[in-house]
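S.K.: Got a structure for you, written out below as structure tokens; questions coming shortly.
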Amino acid sequence: IRHGGYLPTEGIDSDLAVVYEDIERLNLPVLDEKRLKKKMHKWKPEDNNFADFELYPFPTDTEHWVNWKGNDPLSVSAGSGEEQPYPFHGVKMYRHSMRNGAMLWQNAVMAVYPYHHGYYFYPRADVLGFNHEDHLKETLRWNHEGANMRLVDTDEIVTELNFERGKQIGVVMPTSLDCMVEVQFYFTTI
């Protein structure tokens, strides 16, 4: 949890992520907001159920995100000539009571996507007039201190000189995500 659990422009959020290929392998239908809301009123225990959770991939909301358009930056280098859109941006996760179907928990969990050199990136999805300006300042400050926030389409580190609205920004993680290690997290480990 960053900054005591929230940024000045946001409420508390969990900053969870799912690995894109893990969800892609499940071959789940991508539901838009309207179909997701309708589905929530007709929940059945067998619907997209994995252990105690129900998963529904959702598409990128290209109307609201300033620096994330949902396009795969690797698709150009794969020979398609232009960036292809990812089929989903993340997963809506729900947990219902198996006894009576009541909603116990829900969250929208964003995907981390494959990147160059076997690394992954987490999109920096900002909303103009809400968190975009503050996130830009954070991005520049964090990069100055050694972070790895990049224009994922060109693989350039974000600076004051190359930043523009509309370019896709992602936090590049120099890992293949094939090994999980327990680490200290406040007074416990995760």
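Simple scheme: letters A, B, ... for chains in structure tokens order, numbers from 1 for residues in each chain, numbers from 1 for ligands in the order shown.
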Excluding range 123-129 of chain A and any residue of its chain fewer than 6 positions from it, enumerate the residues within 7 Å of it, using only C-alpha atoms, and give them as a ChimeraX atom specification.
M.R.: /A:64-68,169-171
S.K.: Take the residues that were just selected and, keeping N, CA, C and O atoms, output them as a PDB file, in the first residue's frame.
M.R.:
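Final output, result_14.pdb:
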```pdb
ATOM      1  N   HIS A  64     -11.559   7.249 -21.344  1.00  0.00           N
ATOM      2  CA  HIS A  64     -11.140   7.937 -20.129  1.00  0.00           C
ATOM      3  C   HIS A  64      -9.633   7.942 -19.877  1.00  0.00           C
ATOM      4  O   HIS A  64      -9.122   8.855 -19.273  1.00  0.00           O
ATOM      5  N   TRP A  65      -8.928   6.909 -20.300  1.00  0.00           N
ATOM      6  CA  TRP A  65      -7.493   6.832 -20.013  1.00  0.00           C
ATOM      7  C   TRP A  65      -6.726   7.792 -20.899  1.00  0.00           C
ATOM      8  O   TRP A  65      -6.905   7.825 -22.100  1.00  0.00           O
ATOM      9  N   VAL A  66      -5.829   8.554 -20.312  1.00  0.00           N
ATOM     10  CA  VAL A  66      -5.027   9.522 -21.054  1.00  0.00           C
ATOM     11  C   VAL A  66      -3.780   8.858 -21.637  1.00  0.00           C
ATOM     12  O   VAL A  66      -3.414   9.117 -22.774  1.00  0.00           O
ATOM     13  N   ASN A  67      -3.118   8.009 -20.877  1.00  0.00           N
ATOM     14  CA  ASN A  67      -1.851   7.429 -21.308  1.00  0.00           C
ATOM     15  C   ASN A  67      -1.900   5.912 -21.445  1.00  0.00           C
ATOM     16  O   ASN A  67      -0.902   5.228 -21.255  1.00  0.00           O
ATOM     17  N   TRP A  68      -3.062   5.394 -21.765  1.00  0.00           N
ATOM     18  CA  TRP A  68      -3.175   3.967 -22.028  1.00  0.00           C
ATOM     19  C   TRP A  68      -4.309   3.756 -23.016  1.00  0.00           C
ATOM     20  O   TRP A  68      -5.454   4.087 -22.744  1.00  0.00           O
ATOM     21  N   ILE A 169       2.063   4.833 -21.470  1.00  0.00           N
ATOM     22  CA  ILE A 169       3.091   4.777 -20.436  1.00  0.00           C
ATOM     23  C   ILE A 169       2.889   3.507 -19.623  1.00  0.00           C
ATOM     24  O   ILE A 169       1.764   3.124 -19.314  1.00  0.00           O
ATOM     25  N   GLY A 170       3.993   2.871 -19.275  1.00  0.00           N
ATOM     26  CA  GLY A 170       3.935   1.686 -18.434  1.00  0.00           C
ATOM     27  C   GLY A 170       5.116   1.640 -17.492  1.00  0.00           C
ATOM     28  O   GLY A 170       6.181   2.192 -17.771  1.00  0.00           O
ATOM     29  N   VAL A 171       4.910   0.990 -16.355  1.00  0.00           N
ATOM     30  CA  VAL A 171       5.988   0.741 -15.406  1.00  0.00           C
ATOM     31  C   VAL A 171       6.604  -0.593 -15.813  1.00  0.00           C
ATOM     32  O   VAL A 171       5.949  -1.636 -15.723  1.00  0.00           O
TER      33      VAL A 171
END
```
S.K.: Mind listing the strand (DSSP E or B) residues of range 2-184 of chain A, per DSSP on the backbone, as a ChimeraX atom specification?
M.R.: /A:17-19,49-50,53-58,65,71-72,84-85,90-96,103-114,120-123,127,149-151,156-157,169-173,184
S.K.: Which residues in range 33-142 of chain A does DSSP call helix (DSSP H, G or I)? List them as a ChimeraX atom specification.
M.R.: /A:33-40,74-80,116-118,132-142
S.K.: One decimal, in Å: what's the spacing between CA of Asp153 in chain A and CA of Gln168 in chain A?
M.R.: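 Those two atoms sit 6.5 Å apart.
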S.K.: Can you list, as a PyMOL selection string, every protein, DNA or RNA residue that comes within 9 Å of range 55-63 of chain A when you count only C-alpha atoms, leaving out same-chain residues fewer than 2 positions away?
M.R.: chain A and resi 23+28-33+36+47-50+53+65-66+68-70+85-94+108
S.K.: Using only C-alpha atoms, which residues sit within 9 Å of range 174-176 of chain A once same-chain residues fewer than 2 positions away are excluded, as a list in words?
M.R.: Pro114, His117, Gly118, Tyr119, Tyr120, Phe121, Asn148, Val172, Asp178 and Cys179 of chain A
S.K.: Please, could you write that set of residues out with all heavy atoms as a PDB file, in the first residue's frame?
M.R.:
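Final output, again_26.pdb:
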```pdb
ATOM      1  N   PRO A 114       3.273  -8.695 -21.219  1.00  0.00           N
ATOM      2  CA  PRO A 114       4.639  -9.018 -21.636  1.00  0.00           C
ATOM      3  C   PRO A 114       5.287  -7.818 -22.326  1.00  0.00           C
ATOM      4  O   PRO A 114       4.612  -7.048 -23.011  1.00  0.00           O
ATOM      5  CB  PRO A 114       4.463 -10.162 -22.626  1.00  0.00           C
ATOM      6  CG  PRO A 114       3.040 -10.570 -22.577  1.00  0.00           C
ATOM      7  CD  PRO A 114       2.272  -9.502 -21.893  1.00  0.00           C
ATOM      8  N   HIS A 117      12.507  -8.249 -23.933  1.00  0.00           N
ATOM      9  CA  HIS A 117      13.528  -8.957 -23.147  1.00  0.00           C
ATOM     10  C   HIS A 117      12.929  -9.870 -22.083  1.00  0.00           C
ATOM     11  O   HIS A 117      13.573 -10.149 -21.074  1.00  0.00           O
ATOM     12  CB  HIS A 117      14.508  -7.977 -22.495  1.00  0.00           C
ATOM     13  CG  HIS A 117      14.984  -6.897 -23.398  1.00  0.00           C
ATOM     14  ND1 HIS A 117      15.753  -7.142 -24.509  1.00  0.00           N
ATOM     15  CD2 HIS A 117      14.771  -5.566 -23.377  1.00  0.00           C
ATOM     16  CE1 HIS A 117      16.003  -6.000 -25.140  1.00  0.00           C
ATOM     17  NE2 HIS A 117      15.426  -5.029 -24.482  1.00  0.00           N
ATOM     18  N   GLY A 118      11.692 -10.322 -22.268  1.00  0.00           N
ATOM     19  CA  GLY A 118      11.064 -11.202 -21.288  1.00  0.00           C
ATOM     20  C   GLY A 118      10.558 -10.488 -20.045  1.00  0.00           C
ATOM     21  O   GLY A 118      10.157 -11.115 -19.080  1.00  0.00           O
ATOM     22  N   TYR A 119      10.571  -9.148 -20.053  1.00  0.00           N
ATOM     23  CA  TYR A 119      10.078  -8.360 -18.927  1.00  0.00           C
ATOM     24  C   TYR A 119       8.566  -8.191 -19.052  1.00  0.00           C
ATOM     25  O   TYR A 119       7.942  -8.617 -20.011  1.00  0.00           O
ATOM     26  CB  TYR A 119      10.729  -6.975 -18.897  1.00  0.00           C
ATOM     27  CG  TYR A 119      12.207  -6.964 -18.626  1.00  0.00           C
ATOM     28  CD1 TYR A 119      12.927  -5.793 -18.790  1.00  0.00           C
ATOM     29  CD2 TYR A 119      12.908  -8.090 -18.215  1.00  0.00           C
ATOM     30  CE1 TYR A 119      14.289  -5.752 -18.536  1.00  0.00           C
ATOM     31  CE2 TYR A 119      14.267  -8.056 -17.960  1.00  0.00           C
ATOM     32  CZ  TYR A 119      14.950  -6.879 -18.132  1.00  0.00           C
ATOM     33  OH  TYR A 119      16.290  -6.830 -17.885  1.00  0.00           O
ATOM     34  N   TYR A 120       7.985  -7.506 -18.073  1.00  0.00           N
ATOM     35  CA  TYR A 120       6.559  -7.181 -18.058  1.00  0.00           C
ATOM     36  C   TYR A 120       6.383  -5.699 -17.786  1.00  0.00           C
ATOM     37  O   TYR A 120       7.284  -5.038 -17.264  1.00  0.00           O
ATOM     38  CB  TYR A 120       5.823  -7.992 -16.976  1.00  0.00           C
ATOM     39  CG  TYR A 120       5.542  -9.394 -17.414  1.00  0.00           C
ATOM     40  CD1 TYR A 120       6.527 -10.371 -17.363  1.00  0.00           C
ATOM     41  CD2 TYR A 120       4.294  -9.745 -17.914  1.00  0.00           C
ATOM     42  CE1 TYR A 120       6.274 -11.663 -17.785  1.00  0.00           C
ATOM     43  CE2 TYR A 120       4.039 -11.036 -18.348  1.00  0.00           C
ATOM     44  CZ  TYR A 120       5.035 -11.980 -18.280  1.00  0.00           C
ATOM     45  OH  TYR A 120       4.781 -13.246 -18.713  1.00  0.00           O
ATOM     46  N   PHE A 121       5.208  -5.170 -18.148  1.00  0.00           N
ATOM     47  CA  PHE A 121       4.899  -3.786 -17.786  1.00  0.00           C
ATOM     48  C   PHE A 121       3.464  -3.683 -17.288  1.00  0.00           C
ATOM     49  O   PHE A 121       2.596  -4.470 -17.651  1.00  0.00           O
ATOM     50  CB  PHE A 121       5.154  -2.807 -18.936  1.00  0.00           C
ATOM     51  CG  PHE A 121       4.108  -2.825 -20.023  1.00  0.00           C
ATOM     52  CD1 PHE A 121       3.034  -1.948 -19.993  1.00  0.00           C
ATOM     53  CD2 PHE A 121       4.205  -3.714 -21.083  1.00  0.00           C
ATOM     54  CE1 PHE A 121       2.075  -1.957 -20.987  1.00  0.00           C
ATOM     55  CE2 PHE A 121       3.250  -3.734 -22.095  1.00  0.00           C
ATOM     56  CZ  PHE A 121       2.188  -2.852 -22.044  1.00  0.00           C
ATOM     57  N   ASN A 148      11.521   2.959 -13.602  1.00  0.00           N
ATOM     58  CA  ASN A 148      11.582   2.506 -14.988  1.00  0.00           C
ATOM     59  C   ASN A 148      10.228   2.686 -15.664  1.00  0.00           C
ATOM     60  O   ASN A 148       9.652   1.743 -16.181  1.00  0.00           O
ATOM     61  CB  ASN A 148      12.022   1.040 -15.019  1.00  0.00           C
ATOM     62  CG  ASN A 148      12.554   0.633 -16.371  1.00  0.00           C
ATOM     63  OD1 ASN A 148      12.763   1.453 -17.249  1.00  0.00           O
ATOM     64  ND2 ASN A 148      12.753  -0.660 -16.561  1.00  0.00           N
ATOM     65  N   VAL A 172       7.852  -0.555 -16.291  1.00  0.00           N
ATOM     66  CA  VAL A 172       8.509  -1.774 -16.748  1.00  0.00           C
ATOM     67  C   VAL A 172       9.137  -2.480 -15.555  1.00  0.00           C
ATOM     68  O   VAL A 172       9.870  -1.874 -14.775  1.00  0.00           O
ATOM     69  CB  VAL A 172       9.556  -1.464 -17.830  1.00  0.00           C
ATOM     70  CG1 VAL A 172      10.320  -2.722 -18.217  1.00  0.00           C
ATOM     71  CG2 VAL A 172       8.880  -0.849 -19.051  1.00  0.00           C
ATOM     72  N   ASP A 178       8.421 -15.505 -13.336  1.00  0.00           N
ATOM     73  CA  ASP A 178       8.360 -16.960 -13.241  1.00  0.00           C
ATOM     74  C   ASP A 178       8.799 -17.483 -11.876  1.00  0.00           C
ATOM     75  O   ASP A 178       8.834 -18.670 -11.637  1.00  0.00           O
ATOM     76  CB  ASP A 178       9.193 -17.613 -14.343  1.00  0.00           C
ATOM     77  CG  ASP A 178      10.666 -17.218 -14.266  1.00  0.00           C
ATOM     78  OD1 ASP A 178      11.030 -16.378 -13.429  1.00  0.00           O
ATOM     79  OD2 ASP A 178      11.449 -17.750 -15.070  1.00  0.00           O
ATOM     80  N   CYS A 179       9.110 -16.572 -10.969  1.00  0.00           N
ATOM     81  CA  CYS A 179       9.559 -16.987  -9.646  1.00  0.00           C
ATOM     82  C   CYS A 179       9.016 -16.010  -8.612  1.00  0.00           C
ATOM     83  O   CYS A 179       9.209 -14.801  -8.721  1.00  0.00           O
ATOM     84  CB  CYS A 179      11.086 -17.010  -9.589  1.00  0.00           C
ATOM     85  SG  CYS A 179      11.733 -17.416  -7.965  1.00  0.00           S
TER      86      CYS A 179
END
```
S.K.: Could you tell me how far CA of Asn71 in chain A lies from CA of Glu156 in chain A, in Å and to one decimal?
M.R.: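 Between CA of Asn71 in chain A and CA of Glu156 in chain A the gap works out to 16.4 Å.
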S.K.: Nearest to Ala17 in chain A: which of A:Pro73, A:Lys34, A:Ala102, A:Asn107 is it, counting only C-alpha atoms?
M.R.: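 Between A:Pro73, A:Lys34, A:Ala102, A:Asn107, the residue approaching Ala17 in chain A most closely is A:Asn107.
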S.K.: Enter the distance from CA of Leu140 in chain A to CA of Thr159 in chain A, in Å, rounded to one decimal.
M.R.: 6.1 Å
S.K.: Give me the residues within 7 Å of range 95-99 of chain A as a CSV table (one decimal) with all heavy atoms, in the first residue's frame, counting only C-alpha atoms and dropping any in the same chain fewer than 4 places off.
M.R.:
```csv
chain,number,residue,atom,x,y,z
A,52,ASP,N,-12.9,-19.7,-5.0
A,52,ASP,CA,-14.0,-18.9,-4.5
A,52,ASP,C,-14.3,-17.6,-5.3
A,52,ASP,O,-15.0,-16.8,-4.8
A,52,ASP,CB,-13.7,-18.5,-3.0
A,52,ASP,CG,-13.7,-19.7,-2.1
A,52,ASP,OD1,-14.2,-20.7,-2.5
A,52,ASP,OD2,-13.1,-19.6,-1.0
A,53,PHE,N,-13.6,-17.5,-6.4
A,53,PHE,CA,-13.7,-16.2,-7.1
A,53,PHE,C,-14.3,-16.4,-8.5
A,53,PHE,O,-14.2,-17.5,-9.1
A,53,PHE,CB,-12.3,-15.6,-7.3
A,53,PHE,CG,-11.7,-15.1,-6.0
A,53,PHE,CD1,-10.9,-16.0,-5.3
A,53,PHE,CD2,-12.0,-13.9,-5.5
A,53,PHE,CE1,-10.4,-15.6,-4.0
A,53,PHE,CE2,-11.5,-13.4,-4.3
A,53,PHE,CZ,-10.7,-14.3,-3.6
A,54,GLU,N,-15.0,-15.4,-9.0
A,54,GLU,CA,-15.6,-15.3,-10.3
A,54,GLU,C,-14.8,-14.3,-11.1
A,54,GLU,O,-14.5,-13.2,-10.5
A,54,GLU,CB,-17.0,-14.9,-10.1
A,54,GLU,CG,-17.9,-15.0,-11.3
A,54,GLU,CD,-19.3,-14.6,-11.0
A,54,GLU,OE1,-19.6,-14.3,-9.8
A,54,GLU,OE2,-20.1,-14.6,-11.9
A,103,MET,N,-23.0,-10.8,-2.4
A,103,MET,CA,-21.6,-10.3,-2.8
A,103,MET,C,-20.8,-10.1,-1.5
A,103,MET,O,-21.2,-9.4,-0.6
A,103,MET,CB,-21.8,-9.0,-3.5
A,103,MET,CG,-20.5,-8.3,-3.8
A,103,MET,SD,-19.7,-9.0,-5.3
A,103,MET,CE,-20.8,-8.4,-6.5
A,104,LEU,N,-19.6,-10.7,-1.5
A,104,LEU,CA,-18.7,-10.5,-0.3
A,104,LEU,C,-17.6,-9.6,-0.6
A,104,LEU,O,-17.1,-8.8,0.3
A,104,LEU,CB,-18.1,-11.9,0.1
A,104,LEU,CG,-19.1,-13.0,0.5
A,104,LEU,CD1,-18.4,-14.3,0.7
A,104,LEU,CD2,-19.9,-12.6,1.7
A,105,TRP,N,-17.1,-9.6,-1.9
A,105,TRP,CA,-16.0,-8.7,-2.2
A,105,TRP,C,-16.0,-8.6,-3.8
A,105,TRP,O,-16.4,-9.5,-4.5
A,105,TRP,CB,-14.7,-9.4,-1.8
A,105,TRP,CG,-13.4,-8.7,-2.1
A,105,TRP,CD1,-12.8,-7.7,-1.4
A,105,TRP,CD2,-12.6,-9.0,-3.2
A,105,TRP,NE1,-11.7,-7.4,-2.0
A,105,TRP,CE2,-11.5,-8.1,-3.1
A,105,TRP,CE3,-12.6,-9.9,-4.3
A,105,TRP,CZ2,-10.5,-8.1,-4.0
A,105,TRP,CZ3,-11.6,-9.8,-5.2
A,105,TRP,CH2,-10.5,-9.0,-5.1
A,106,GLN,N,-15.5,-7.4,-4.2
A,106,GLN,CA,-15.3,-7.2,-5.6
A,106,GLN,C,-14.1,-6.2,-5.9
A,106,GLN,O,-13.9,-5.4,-5.0
A,106,GLN,CB,-16.6,-6.7,-6.3
A,106,GLN,CG,-17.0,-5.3,-5.9
A,106,GLN,CD,-18.2,-4.9,-6.7
A,106,GLN,OE1,-18.5,-5.4,-7.7
A,106,GLN,NE2,-18.9,-3.9,-6.2
```
S.K.: Which is closer to Glu21 in chain A than all the others in A:Ser75, A:Val112, A:Leu161, A:Gly101, using only C-alpha atoms?
M.R.: A:Val112
S.K.: What's around Val158 in chain A at 10 Å? Count only C-alpha atoms, leave out sequence neighbours fewer than 6 positions away in its own chain, and write the answer as a PyMOL selection string.
M.R.: chain A and resi 136+139-140+143-144+147-152+164+169-170
S.K.: Could you write out that same residue set with N, CA, C and O atoms as a PDB file, in the first residue's frame?
M.R.:
```pdb
ATOM      1  N   LEU A 136       1.816  12.414 -13.547  1.00  0.00           N
ATOM      2  CA  LEU A 136       2.936  12.882 -14.368  1.00  0.00           C
ATOM      3  C   LEU A 136       4.074  13.365 -13.482  1.00  0.00           C
ATOM      4  O   LEU A 136       5.233  13.000 -13.683  1.00  0.00           O
ATOM      5  N   THR A 139       5.694  10.357 -11.941  1.00  0.00           N
ATOM      6  CA  THR A 139       6.474   9.618 -12.935  1.00  0.00           C
ATOM      7  C   THR A 139       7.824  10.260 -13.160  1.00  0.00           C
ATOM      8  O   THR A 139       8.854   9.581 -13.150  1.00  0.00           O
ATOM      9  N   LEU A 140       7.827  11.563 -13.360  1.00  0.00           N
ATOM     10  CA  LEU A 140       9.090  12.268 -13.611  1.00  0.00           C
ATOM     11  C   LEU A 140      10.002  12.197 -12.391  1.00  0.00           C
ATOM     12  O   LEU A 140      11.210  11.959 -12.513  1.00  0.00           O
ATOM     13  N   ASN A 143      11.243   8.513 -11.969  1.00  0.00           N
ATOM     14  CA  ASN A 143      12.263   8.190 -12.978  1.00  0.00           C
ATOM     15  C   ASN A 143      13.583   8.882 -12.655  1.00  0.00           C
ATOM     16  O   ASN A 143      14.648   8.303 -12.843  1.00  0.00           O
ATOM     17  N   HIS A 144      13.512  10.097 -12.154  1.00  0.00           N
ATOM     18  CA  HIS A 144      14.735  10.819 -11.751  1.00  0.00           C
ATOM     19  C   HIS A 144      15.453  10.062 -10.629  1.00  0.00           C
ATOM     20  O   HIS A 144      16.671  10.105 -10.517  1.00  0.00           O
ATOM     21  N   ALA A 147      13.449   4.958 -11.221  1.00  0.00           N
ATOM     22  CA  ALA A 147      12.334   4.080 -11.616  1.00  0.00           C
ATOM     23  C   ALA A 147      12.443   3.759 -13.106  1.00  0.00           C
ATOM     24  O   ALA A 147      13.342   4.242 -13.797  1.00  0.00           O
ATOM     25  N   ASN A 148      11.521   2.959 -13.602  1.00  0.00           N
ATOM     26  CA  ASN A 148      11.582   2.506 -14.988  1.00  0.00           C
ATOM     27  C   ASN A 148      10.228   2.686 -15.664  1.00  0.00           C
ATOM     28  O   ASN A 148       9.652   1.743 -16.181  1.00  0.00           O
ATOM     29  N   MET A 149       9.706   3.923 -15.634  1.00  0.00           N
ATOM     30  CA  MET A 149       8.442   4.218 -16.307  1.00  0.00           C
ATOM     31  C   MET A 149       8.775   4.673 -17.717  1.00  0.00           C
ATOM     32  O   MET A 149       9.521   5.614 -17.917  1.00  0.00           O
ATOM     33  N   ARG A 150       8.185   3.963 -18.675  1.00  0.00           N
ATOM     34  CA  ARG A 150       8.578   4.155 -20.069  1.00  0.00           C
ATOM     35  C   ARG A 150       7.390   4.443 -20.974  1.00  0.00           C
ATOM     36  O   ARG A 150       6.270   4.080 -20.675  1.00  0.00           O
ATOM     37  N   LEU A 151       7.710   5.060 -22.113  1.00  0.00           N
ATOM     38  CA  LEU A 151       6.774   5.111 -23.224  1.00  0.00           C
ATOM     39  C   LEU A 151       6.881   3.726 -23.849  1.00  0.00           C
ATOM     40  O   LEU A 151       7.885   3.400 -24.483  1.00  0.00           O
ATOM     41  N   VAL A 152       5.908   2.879 -23.607  1.00  0.00           N
ATOM     42  CA  VAL A 152       6.061   1.477 -23.981  1.00  0.00           C
ATOM     43  C   VAL A 152       6.058   1.263 -25.493  1.00  0.00           C
ATOM     44  O   VAL A 152       6.584   0.257 -25.973  1.00  0.00           O
ATOM     45  N   GLU A 164       4.062  13.241 -23.675  1.00  0.00           N
ATOM     46  CA  GLU A 164       2.901  13.854 -24.318  1.00  0.00           C
ATOM     47  C   GLU A 164       1.670  13.055 -23.930  1.00  0.00           C
ATOM     48  O   GLU A 164       1.739  11.846 -23.763  1.00  0.00           O
ATOM     49  N   ILE A 169       2.063   4.833 -21.470  1.00  0.00           N
ATOM     50  CA  ILE A 169       3.091   4.777 -20.436  1.00  0.00           C
ATOM     51  C   ILE A 169       2.889   3.507 -19.623  1.00  0.00           C
ATOM     52  O   ILE A 169       1.764   3.124 -19.314  1.00  0.00           O
ATOM     53  N   GLY A 170       3.993   2.871 -19.275  1.00  0.00           N
ATOM     54  CA  GLY A 170       3.935   1.686 -18.434  1.00  0.00           C
ATOM     55  C   GLY A 170       5.116   1.640 -17.492  1.00  0.00           C
ATOM     56  O   GLY A 170       6.181   2.192 -17.771  1.00  0.00           O
TER      57      GLY A 170
END
```
